[in-house]
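Peer 1: Provided herewith is a single structure, encoded as structure tokens, for subsequent inquiry.
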Amino acid sequence: MDAGYPNSGTLERMETKRLASQLRRSYEGQAWHGPSLRELLAGVTSEQAAAKPVSGAHSIWELVLHITAWEREALAVIQGKTYETLAGERDWPPVHGMWDATVEELGAVTQALVAAVRAMPEEKLNESAGGAEYHFYFLLHGVVQHNLYHAGQIAILKRAL
């Protein structure tokens, strides 16, 4: 993989740790962009999470379930599952269960994904992500970007409440 940097061989050997760090930071603290998902979700009640203060927008609860679904899919692909683009209720699961359990599940899935990326051999970053048209490198950066995109939406929804 050519990271586009001088001495990219050295960078490659560190890339899974960097990706794991970015995934973790998107969820919990020390993120450059602003509040992490965990910080944004702290103190949100189930009523607030289910509310739809912006017409046509998803609720915070729906966004958390969606983020968790995509992190879970990335983790499964790292573990050998064939990649599938999520659609319908797999992409946007209906709100169910208890809000606190939903938040805890996001934390657990994120923690498992971070651990899997940290343990991943660097060479795997160049491999097709479970048969997808792109590599694990692209998939994992996409998960970080996806988390932050929806974190921004959650921040706006909290302000709208």
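How things are named: the first chain in the structure tokens is A, the next is B, and so on; residues count from 1 in each chain; ligands count from 1 in the order shown.
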Could you pull the residues within 8 Å of range 103-105 of chain A, counting only C-alpha atoms, minus those fewer than 4 positions along the same chain, as a ChimeraX atom specification?
Peer 2: /A:41,64,68,99,109
Peer 1: Sort by chain and increasing residue number a table of all residues of range 8-89 of chain A within 6 Å of range 130-137 of chain A, each with its closest pair of atoms and their distance in Å to one decimal, counting only C-alpha atoms, and write it as a tab-separated table.
Peer 2:
residue	atom	partner	partner_atom	distance
A:Val77	CA	A:Gly130	CA	5.5
A:Thr82	CA	A:Gly130	CA	4.4
A:Tyr83	CA	A:Gly130	CA	4.6
Peer 1: Pick out the closest residue to Asn147 in chain A from this set: A:Leu63, A:Leu75, A:Ala51, A:Met14. Count only C-alpha atoms.
Peer 2: A:Leu63
Peer 1: Could you work out how far CA of Gly34 in chain A lies from CA of Ala155 in chain A, giving the answer in Å with one decimal?
Peer 2: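 For CA of Ala155 in chain A relative to CA of Gly34 in chain A, the distance reads 9.9 Å.
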Peer 1: Write out as a PyMOL selection string all residues of range 1-156 of chain A that DSSP puts in helix (DSSP H, G or I) for this structure's backbone.
Peer 2: chain A and resi 8-12+15-27+37-41+46-50+60-78+88-91+99-119+122-126+136-156
Peer 1: Which polymer residues have any atom within 12 Å of an atom of Gly80 in chain A, counting only C-alpha atoms, with same-chain residues fewer than 6 positions away left out, as a list in words?
Peer 2: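 Everything that qualifies: Glu73, Ala74, Ala116, Met120, Lys124, Glu127, Ser128, Ala129, Gly130, Gly131 and Phe136 of chain A.
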Peer 1: Hey, what's within 9 Å of Ala49 in chain A if we count only C-alpha atoms and toss same-chain stuff fewer than 4 positions away? As a list in words, please?
Peer 2: Leu41, Val44, Thr45, Ser59, Ile60, Trp61, Glu62, Trp99 and Lys158 of chain A
